[in-house]
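Novice: My structure is stored as protein03.txt, with compact mmCIF, C-alpha atoms.
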```txt
# COMPACT_ATOMS: atom_id res chain seq x y z
CA MET A 91 22.24 45.98 189.63
CA ALA A 92 21.29 47.03 186.14
CA VAL A 93 21.67 44.48 183.37
CA GLY A 94 24.09 45.74 180.73
CA PRO A 95 25.58 44.35 177.54
CA THR A 96 28.27 42.49 179.46
CA HIS A 97 25.66 40.30 181.14
CA TYR A 98 24.22 39.19 177.83
CA LEU A 99 27.68 38.59 176.36
CA VAL A 100 28.77 36.51 179.35
CA LEU A 101 25.57 34.47 179.05
CA ALA A 102 26.39 33.91 175.36
CA ALA A 103 29.95 32.87 176.26
CA VAL A 104 28.69 30.37 178.84
CA LEU A 105 26.20 28.93 176.36
CA PHE A 106 28.88 28.65 173.67
CA ALA A 107 31.22 26.91 176.12
CA LEU A 108 28.46 24.43 177.00
CA GLY A 109 27.91 23.68 173.32
CA ALA A 110 31.62 23.29 172.65
CA ALA A 111 31.94 20.96 175.65
CA GLY A 112 29.07 18.88 174.28
CA VAL A 113 30.72 18.60 170.86
CA VAL A 114 34.03 17.54 172.40
CA LEU A 115 32.81 15.31 175.22
CA ARG A 116 29.75 13.48 173.93
CA ARG A 117 29.96 10.50 171.59
CA ASN A 118 26.31 10.32 170.56
CA ALA A 119 26.10 12.00 167.14
CA ILE A 120 22.59 13.37 167.82
CA ILE A 121 23.75 15.08 171.01
CA VAL A 122 26.74 16.48 169.11
CA LEU A 123 24.28 18.03 166.62
CA MET A 124 22.20 19.47 169.48
CA SER A 125 25.35 20.97 170.99
CA ILE A 126 26.07 22.65 167.66
CA GLU A 127 22.60 24.18 167.86
CA LEU A 128 23.49 25.51 171.31
CA MET A 129 26.61 27.19 169.91
CA LEU A 130 24.65 28.73 167.04
CA ASN A 131 22.19 30.17 169.55
CA ALA A 132 25.04 31.65 171.57
CA VAL A 133 26.22 33.42 168.41
CA ASN A 134 22.67 34.68 167.79
CA LEU A 135 22.57 36.08 171.31
CA THR A 136 25.83 37.95 170.65
CA PHE A 137 24.45 39.43 167.40
CA LEU A 138 21.29 40.64 169.15
CA THR A 139 23.27 42.07 172.06
CA PHE A 140 25.47 44.17 169.78
CA SER A 141 22.38 45.24 167.84
CA ARG A 142 20.72 46.42 171.03
CA PHE A 143 23.86 48.00 172.53
CA PRO A 144 25.87 49.36 169.58
CA LEU A 145 29.54 49.93 170.38
CA VAL A 146 29.79 52.86 167.97
CA VAL A 147 27.09 55.28 169.05
CA ARG A 148 26.02 57.40 166.12
CA ARG A 149 23.25 59.90 165.63
CA PRO A 150 19.88 58.17 165.26
CA ALA A 151 19.31 59.93 161.94
CA ASP A 152 22.28 58.07 160.43
CA LEU A 153 21.02 54.62 161.25
CA GLY A 154 17.79 53.70 159.46
CA PRO A 155 17.67 50.09 158.28
CA MET A 156 21.36 49.60 159.13
CA MET A 157 20.24 49.52 162.76
CA MET A 158 18.67 46.09 162.16
CA GLN A 159 21.58 44.39 160.41
CA GLY A 160 22.23 42.26 163.48
CA HIS A 161 18.66 40.98 163.44
CA ALA A 162 18.96 40.21 159.72
CA ALA A 163 22.12 38.21 160.44
CA VAL A 164 20.29 36.23 163.13
CA PHE A 165 17.49 35.54 160.65
CA PHE A 166 19.99 34.00 158.23
CA VAL A 167 21.72 32.03 160.99
CA ILE A 168 18.38 30.50 161.98
CA ALA A 169 17.68 29.51 158.37
CA VAL A 170 21.12 27.97 157.93
CA ALA A 171 20.81 26.15 161.27
CA ALA A 172 17.52 24.60 160.16
CA ALA A 173 19.13 23.40 156.92
CA GLU A 174 22.14 22.09 158.85
CA ALA A 175 19.94 20.16 161.26
CA ALA A 176 18.00 18.53 158.41
CA VAL A 177 21.11 17.42 156.51
CA GLY A 178 22.98 16.42 159.68
CA LEU A 179 20.13 14.23 160.91
CA ALA A 180 19.82 12.67 157.45
CA ILE A 181 23.51 11.76 157.61
CA VAL A 182 23.02 10.29 161.10
CA ILE A 183 20.16 8.13 159.80
CA ALA A 184 22.22 7.01 156.80
CA VAL A 185 25.21 6.12 158.98
CA PHE A 186 22.99 4.31 161.49
CA ARG A 187 21.52 2.28 158.66
CA SER A 188 24.92 1.13 157.44
CA ARG A 189 26.83 0.77 160.73
CA GLY A 190 24.08 0.25 163.30
CA SER A 191 25.44 2.86 165.66
CA VAL A 192 25.40 6.61 166.28
CA ASN A 193 28.64 6.60 168.28
CA VAL A 194 31.02 9.06 166.65
CA ASP A 195 34.02 7.06 167.90
CA GLU A 196 33.00 4.28 165.50
CA PHE A 197 32.75 6.54 162.45
CA ASP A 198 36.29 5.72 161.38
CA SER A 199 35.93 4.39 157.85
CA LEU A 200 35.38 6.15 154.54
CA ARG A 201 33.85 3.12 152.83
CA ASN A 202 31.08 0.76 153.96
CA MET O 1328 14.83 48.50 184.98
CA LEU O 1329 14.35 46.29 188.03
CA VAL O 1330 11.86 44.13 186.19
CA GLU O 1331 14.34 43.71 183.35
CA SER O 1332 17.05 42.63 185.78
CA VAL O 1333 14.85 40.07 187.53
CA LEU O 1334 13.61 38.64 184.25
CA PHE O 1335 17.14 38.49 182.86
CA TRP O 1336 18.42 36.48 185.81
CA ILE O 1337 15.47 34.07 185.63
CA PHE O 1338 15.91 33.54 181.89
CA ALA O 1339 19.71 33.30 182.12
CA ALA O 1340 19.49 30.67 184.86
CA GLY O 1341 16.99 28.73 182.75
CA VAL O 1342 19.20 28.91 179.68
CA VAL O 1343 22.31 27.71 181.51
CA VAL O 1344 20.57 24.95 183.46
CA ALA O 1345 18.70 23.62 180.44
CA GLY O 1346 21.80 23.89 178.26
CA ALA O 1347 23.79 21.89 180.79
CA GLN O 1348 21.07 19.22 180.76
CA VAL O 1349 21.51 18.92 176.98
CA VAL O 1350 25.21 18.21 177.33
CA PHE O 1351 25.25 16.07 180.46
CA ARG O 1352 22.08 13.95 180.25
CA ARG O 1353 22.67 10.42 179.04
CA ASN O 1354 19.31 9.86 177.39
CA PRO O 1355 19.04 11.82 174.10
CA ILE O 1356 15.28 12.34 174.60
CA HIS O 1357 15.89 14.12 177.91
CA GLY O 1358 18.54 16.22 176.18
CA ALA O 1359 16.21 17.15 173.34
CA LEU O 1360 13.41 18.21 175.68
CA ALA O 1361 15.88 20.23 177.76
CA LEU O 1362 17.00 21.90 174.53
CA VAL O 1363 13.38 22.91 173.81
CA GLY O 1364 13.24 24.51 177.25
CA CYS O 1365 16.57 26.22 176.61
CA PHE O 1366 15.21 27.72 173.38
CA PHE O 1367 12.11 29.03 175.16
CA PHE O 1368 14.24 30.74 177.83
CA LEU O 1369 16.46 32.15 175.07
CA ALA O 1370 13.36 33.57 173.38
CA GLY O 1371 12.68 35.37 176.67
CA VAL O 1372 16.18 36.80 176.64
CA TYR O 1373 15.64 37.97 173.06
CA VAL O 1374 12.49 39.80 174.11
CA LEU O 1375 14.54 41.58 176.80
CA LEU O 1376 16.90 42.63 173.98
CA ALA O 1377 13.89 44.13 172.11
CA ALA O 1378 14.18 41.49 169.36
CA HIS O 1379 10.50 40.58 169.21
CA LEU O 1380 10.52 39.10 165.71
CA ILE O 1381 13.58 36.96 166.42
CA ALA O 1382 12.00 35.71 169.65
CA ILE O 1383 8.92 34.54 167.75
CA LEU O 1384 11.10 32.97 165.06
CA GLN O 1385 13.12 31.22 167.75
CA VAL O 1386 10.00 29.58 169.17
CA MET O 1387 8.50 28.69 165.78
CA VAL O 1388 11.59 27.53 163.89
CA TYR O 1389 13.81 26.12 166.62
CA ALA O 1390 11.42 24.90 169.30
CA GLY O 1391 8.77 24.07 166.71
CA ALA O 1392 10.43 22.70 163.60
CA VAL O 1393 14.04 21.79 164.33
CA MET O 1394 13.38 20.10 167.66
CA VAL O 1395 10.49 18.08 166.22
CA LEU O 1396 13.01 16.80 163.67
CA PHE O 1397 15.47 15.90 166.43
CA VAL O 1398 12.88 14.11 168.57
CA PHE O 1399 11.57 12.32 165.49
CA VAL O 1400 15.03 11.02 164.58
CA ILE O 1401 15.81 9.99 168.17
CA MET O 1402 12.59 7.98 168.36
CA LEU O 1403 13.14 6.58 164.86
CA LEU O 1404 16.57 5.23 165.80
CA ASN O 1405 15.21 4.02 169.17
CA LEU O 1406 18.59 3.42 170.79
CA ARG O 1407 18.78 0.83 173.54
CA ASP O 1408 20.77 1.30 176.69
CA GLU O 1409 23.76 -0.74 175.57
CA GLU O 1410 23.94 1.24 172.32
CA LEU O 1411 24.28 4.47 174.27
CA GLY O 1412 27.65 3.28 175.52
CA GLU O 1413 28.86 2.86 179.04
CA PRO O 1414 29.24 6.04 181.08
CA ARG O 1415 32.83 7.00 181.56
CA MET O 1416 34.42 9.69 183.65
CA THR O 1417 38.08 10.19 182.96
CA ALA O 1418 40.65 12.59 184.31
CA PHE O 1419 40.64 14.33 180.93
CA LYS O 1420 37.05 15.39 181.46
CA GLY O 1421 37.97 17.04 184.75
CA VAL O 1422 40.94 18.77 183.11
CA GLY O 1423 38.73 19.89 180.22
CA LEU O 1424 36.06 21.24 182.57
CA VAL O 1425 38.60 23.31 184.50
CA GLY O 1426 40.11 24.55 181.24
CA VAL O 1427 36.74 25.62 179.85
CA LEU O 1428 35.82 27.42 183.09
CA VAL O 1429 39.14 29.29 183.12
CA ALA O 1430 38.82 30.23 179.44
CA VAL O 1431 35.25 31.49 179.83
CA GLY O 1432 36.17 33.44 182.93
CA LEU O 1433 39.17 35.08 181.29
CA LEU O 1434 37.12 35.95 178.18
CA SER O 1435 34.31 37.36 180.25
CA PHE O 1436 36.27 39.56 182.57
CA ARG O 1437 39.15 40.74 180.38
CA ALA O 1438 37.98 40.95 176.80
CA LEU O 1439 34.37 41.93 177.40
CA GLY O 1440 35.16 44.28 180.24
CA ALA O 1441 37.65 46.19 178.09
CA ALA O 1442 35.22 46.45 175.20
CA TYR O 1443 32.74 48.38 177.30
CA ALA O 1444 35.18 50.18 179.58
CA SER O 1445 34.06 53.57 178.32
CA LEU O 1446 30.37 52.87 178.87
CA PRO O 1447 29.03 52.53 182.41
CA HIS O 1448 26.63 49.68 183.02
CA GLY O 1449 23.22 50.23 181.59
CA ARG O 1450 24.05 53.64 180.14
CA GLY O 1451 24.81 52.41 176.64
CA LEU O 1452 21.14 51.83 175.96
CA ASP O 1453 20.12 55.47 175.67
CA LEU O 1454 20.38 55.57 171.90
CA ALA O 1455 18.71 52.23 171.36
CA GLY O 1456 16.17 53.05 174.03
CA THR O 1457 15.02 56.13 172.19
CA LEU O 1458 14.94 54.24 168.91
CA ILE O 1459 12.77 51.45 170.25
CA GLY O 1460 9.69 53.59 170.61
CA ARG O 1461 10.20 55.61 167.45
CA ASP O 1462 11.46 53.34 164.69
CA GLY O 1463 9.96 50.02 165.69
CA PHE O 1464 13.30 48.47 166.70
CA GLY O 1465 13.12 44.70 166.36
CA THR O 1466 9.68 44.57 164.78
CA LEU O 1467 8.76 42.69 161.64
CA LYS O 1468 8.68 45.90 159.60
CA ALA O 1469 12.15 47.09 160.62
CA VAL O 1470 13.84 43.71 160.24
CA GLY O 1471 12.05 43.15 156.94
CA ARG O 1472 13.32 46.47 155.61
CA ALA O 1473 16.86 45.53 156.65
CA ILE O 1474 16.61 42.14 154.92
CA TYR O 1475 14.92 43.30 151.72
CA LEU O 1476 16.85 46.56 151.30
CA HIS O 1477 20.36 45.50 152.32
CA SER O 1478 20.56 41.70 152.21
CA VAL O 1479 18.29 40.71 149.37
CA LEU O 1480 20.97 38.57 147.67
CA ALA O 1481 21.63 36.69 150.92
CA PHE O 1482 17.89 36.22 151.31
CA GLU O 1483 17.55 34.62 147.88
CA VAL O 1484 20.62 32.45 148.43
CA THR O 1485 19.11 31.31 151.73
CA SER O 1486 15.92 30.19 149.99
CA LEU O 1487 18.04 28.24 147.51
CA LEU O 1488 20.02 26.73 150.39
CA LEU O 1489 16.82 25.55 152.08
CA LEU O 1490 15.68 23.89 148.84
CA VAL O 1491 19.04 22.14 148.44
CA ALA O 1492 18.94 21.05 152.10
CA VAL O 1493 15.45 19.54 151.71
CA VAL O 1494 16.43 17.60 148.58
CA GLY O 1495 19.78 16.60 150.05
CA ALA O 1496 18.26 15.39 153.30
CA VAL O 1497 15.78 13.19 151.40
CA VAL O 1498 18.48 11.80 149.11
CA VAL O 1499 20.90 11.04 151.97
CA ALA O 1500 18.34 9.53 154.36
CA LYS O 1501 16.36 7.54 151.80
CA GLY O 1502 19.13 5.15 150.79
CA ARG O 1503 17.49 3.96 147.59
CA ILE O 1504 15.34 6.42 145.65
```
Give the structure from the file, written as structure tokens.

Specialist:
Amino acid sequence: MAVGPTHYLVLAAVLFALGAAGVVLRRNAIIVLMSIELMLNAVNLTFLTFSRFPLVVRRPADLGPMMMQGHAAVFFVIAVAAAEAAVGLAIVIAVFRSRGSVNVDEFDSLRN
Amino acid sequence: MLVESVLFWIFAAGVVVAGAQVVFRRNPIHGALALVGCFFFLAGVYVLLAAHLIAILQVMVYAGAVMVLFVFVIMLLNLRDEELGEPRMTAFKGVGLVGVLVAVGLLSFRALGAAYASLPHGRGLDLAGTLIGRDGFGTLKAVGRAIYLHSVLAFEVTSLLLLVAVVGAVVVAKGRI
């Protein structure tokens, strides 16, 4: 059975659901951040799938650099995800220093 | 075509199994290492999608840089068993699992199926297939042209964002400068 765009999109949907389940279910802040990375990667997979299998099929002469816009979007998502991981982990360290825990259920106060 | 199918199923199984380990393992270190494996399998999937540059970036940035940061922080905090919290399995988790499975199934078979109803399986790749050989689809040159010709403002803003993130991470984590 040939692998088509639907296969890749279903894989992305499963990966996104796993990440969302991790964000909702887990209480360790570090694992919540890792689950967010999973969801970002699912989005990247969707971008690349639609770049590889365009829904609107045009003549190749019309495309040019526009053909790679999906890849450019993934490039930016990766950069933003790296920045998000750095700041998120810094916040986790800061909160651990003041509260002595990384359990998100205990992050219930705006001061101290 | 057969090789692509076999490789896709191997990589997809790896992605899903490793991703599930991330969510369901209790020890964060096990989760982080499973996430590294998940990213490597995803890089394989990206190669199947002819996104060679993104696959390399995935391995270098995610598996290389971001995951080192995660493992570093996990080992820095050095959580003991009692700090991880007691395991709990409630009825809500079962309800949530069933709900997620139903939602993913509905999405997969209704929304995605309708989107590609006009294209038979595997036939949509003719255009892209011809472009791969000719225009360097997914290579550094093609993606670089897309970024520098059409998204140059976003590119510059991204570099600024990375600078702000570096400074912000140091300021937040340091406590007292």

Novice: Can you find the residues with an atom no farther than 12 Å from (24.4, 7.7, 149.8), counting all atoms listed in the file, and report them as a PDB file with C-alpha atoms, in the coordinates of the input?

Specialist:
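Final file, selection.pdb:
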```pdb
ATOM      1  CA  ALA A 180      19.820  12.670 157.450  1.00  0.00           C
ATOM      2  CA  ILE A 181      23.510  11.760 157.610  1.00  0.00           C
ATOM      3  CA  VAL A 182      23.020  10.290 161.100  1.00  0.00           C
ATOM      4  CA  ILE A 183      20.160   8.130 159.800  1.00  0.00           C
ATOM      5  CA  ALA A 184      22.220   7.010 156.800  1.00  0.00           C
ATOM      6  CA  VAL A 185      25.210   6.120 158.980  1.00  0.00           C
ATOM      7  CA  ARG A 187      21.520   2.280 158.660  1.00  0.00           C
ATOM      8  CA  SER A 188      24.920   1.130 157.440  1.00  0.00           C
ATOM      9  CA  ARG A 201      33.850   3.120 152.830  1.00  0.00           C
ATOM     10  CA  ASN A 202      31.080   0.760 153.960  1.00  0.00           C
TER      11      ASN A 202
ATOM     12  CA  GLY O1495      19.780  16.600 150.050  1.00  0.00           C
ATOM     13  CA  ALA O1496      18.260  15.390 153.300  1.00  0.00           C
ATOM     14  CA  VAL O1497      15.780  13.190 151.400  1.00  0.00           C
ATOM     15  CA  VAL O1498      18.480  11.800 149.110  1.00  0.00           C
ATOM     16  CA  VAL O1499      20.900  11.040 151.970  1.00  0.00           C
ATOM     17  CA  ALA O1500      18.340   9.530 154.360  1.00  0.00           C
ATOM     18  CA  LYS O1501      16.360   7.540 151.800  1.00  0.00           C
ATOM     19  CA  GLY O1502      19.130   5.150 150.790  1.00  0.00           C
ATOM     20  CA  ARG O1503      17.490   3.960 147.590  1.00  0.00           C
ATOM     21  CA  ILE O1504      15.340   6.420 145.650  1.00  0.00           C
TER      22      ILE O1504
END
```

Novice: From the set O:Ser1478, O:Thr1466, O:Thr1417, O:Ser1435, which residue has the shortest atom-to-atom contact distance to His97 in chain A, counting only C-alpha atoms?

Specialist: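 Ranking O:Ser1478, O:Thr1466, O:Thr1417, O:Ser1435 by distance to His97 in chain A, first place goes to O:Ser1435.
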
Novice: Between CA of Gly1341 in chain O and CA of Phe1368 in chain O, what is the distance in Å, rounded to a tenth?

Specialist: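 So the two atoms, CA of Gly1341 in chain O and CA of Phe1368 in chain O, lie 6.0 Å apart.
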
Novice: Enter the distance from CA of Leu1434 in chain O to CA of Val1363 in chain O, in Å, rounded to one decimal.

Specialist: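 These two atoms are separated by 27.4 Å.
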
Novice: Smallest atom-to-atom distance to chain O: which of A:Ala173, A:Glu196, A:Val114, A:Ala132, using all atoms listed in the file?

Specialist: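 When distances to chain O are compared using all atoms listed in the file, the smallest one comes from A:Ala173.
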
Novice: Nearest to chain A: which of O:Leu1334, O:Leu1369, O:Val1350, O:Val1386 is it, counting only C-alpha atoms?

Specialist: O:Val1350

Novice: What's the 8 Å shell around range 1390-1393 of chain O, counting only C-alpha atoms, without same-chain residues fewer than 2 positions away, as a compact mmCIF listing (two decimals) with C-alpha atoms, in the frame of the given file?

Specialist:
```
# COMPACT_ATOMS: atom_id res chain seq x y z
CA ALA A 172 17.52 24.60 160.16
CA ALA A 175 19.94 20.16 161.26
CA ALA A 176 18.00 18.53 158.41
CA VAL O 1363 13.38 22.91 173.81
CA PHE O 1366 15.21 27.72 173.38
CA PHE O 1367 12.11 29.03 175.16
CA GLN O 1385 13.12 31.22 167.75
CA VAL O 1386 10.00 29.58 169.17
CA MET O 1387 8.50 28.69 165.78
CA VAL O 1388 11.59 27.53 163.89
CA VAL O 1395 10.49 18.08 166.22
CA LEU O 1396 13.01 16.80 163.67
CA PHE O 1397 15.47 15.90 166.43
```

Novice: Hey, can you check how far CA of Gly1421 in chain O sits from CA of Leu128 in chain A?

Specialist: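 Between CA of Gly1421 in chain O and CA of Leu128 in chain A the gap is 21.5 Å.
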
Novice: Mind checking which residues fall within 7 Å of range 158-162 of chain A, counting all atoms listed in the file, ignoring those fewer than 2 positions away in the same chain, and posting them as a PyMOL selection string?

Specialist: (chain A and resi 137-138+141+155-156+164-166) or (chain O and resi 1469-1470+1473-1474)

Novice: Which centre and which edge lengths, in Å to one decimal, describe the axis-aligned box that holds all listed atoms of range 1381-1388 of chain O after 5 Å is added on each side, as lines of an AutoDock Vina configuration file?

Specialist:
```
center_x = 11.0
center_y = 32.2
center_z = 166.8
size_x = 15.1
size_y = 19.4
size_z = 15.8
```

Novice: Using all atoms listed in the file, can you tell me which of O:Cys1365, O:Val1349, O:Val1422, O:Leu1375 comes closest to Gly94 in chain A?

Specialist: O:Leu1375

Novice: Given the choices O:Gly1371, O:Lys1468, O:Leu1489, O:Leu1433, which gets closest to chain A if the distance is worked out from all atoms listed in the file?

Specialist: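 For chain A, the nearest of the candidates is O:Leu1489.
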
Novice: Which residues come within 7 Å of Arg117 in chain A, counting only C-alpha atoms, excluding same-chain residues fewer than 5 positions away, as a PyMOL selection string?

Specialist: chain A and resi 193-195

Novice: With only C-alpha atoms as the atoms that count, which of A:Val113, A:Ile121, A:Met157, A:Ile168 lies nearest to Pro1355 in chain O?

Specialist: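 Of the candidates, the smallest distance to Pro1355 in chain O is held by A:Ile121.
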
Novice: Leu1406 in chain O: which residues within 12 Å, counting all atoms listed in the file, same-chain residues fewer than 4 positions away excluded, as a ChimeraX atom specification?

Specialist: /A:118-120,186,190-193 /O:1353-1356,1400-1402,1410-1412

Novice: Need to verify the contact set: Gly112 in chain A, 12 Å, only C-alpha atoms, exclusion of same-chain residues closer than 2 positions in sequence. Can you return it as JSON, numbers by chain?

Specialist: {"A": [105, 106, 107, 108, 109, 110, 114, 115, 116, 117, 118, 119, 120, 121, 122, 123, 124, 125, 126, 127, 128, 129], "O": [1346, 1347, 1348, 1349, 1350, 1351, 1352, 1353, 1358, 1420, 1423, 1424, 1427]}
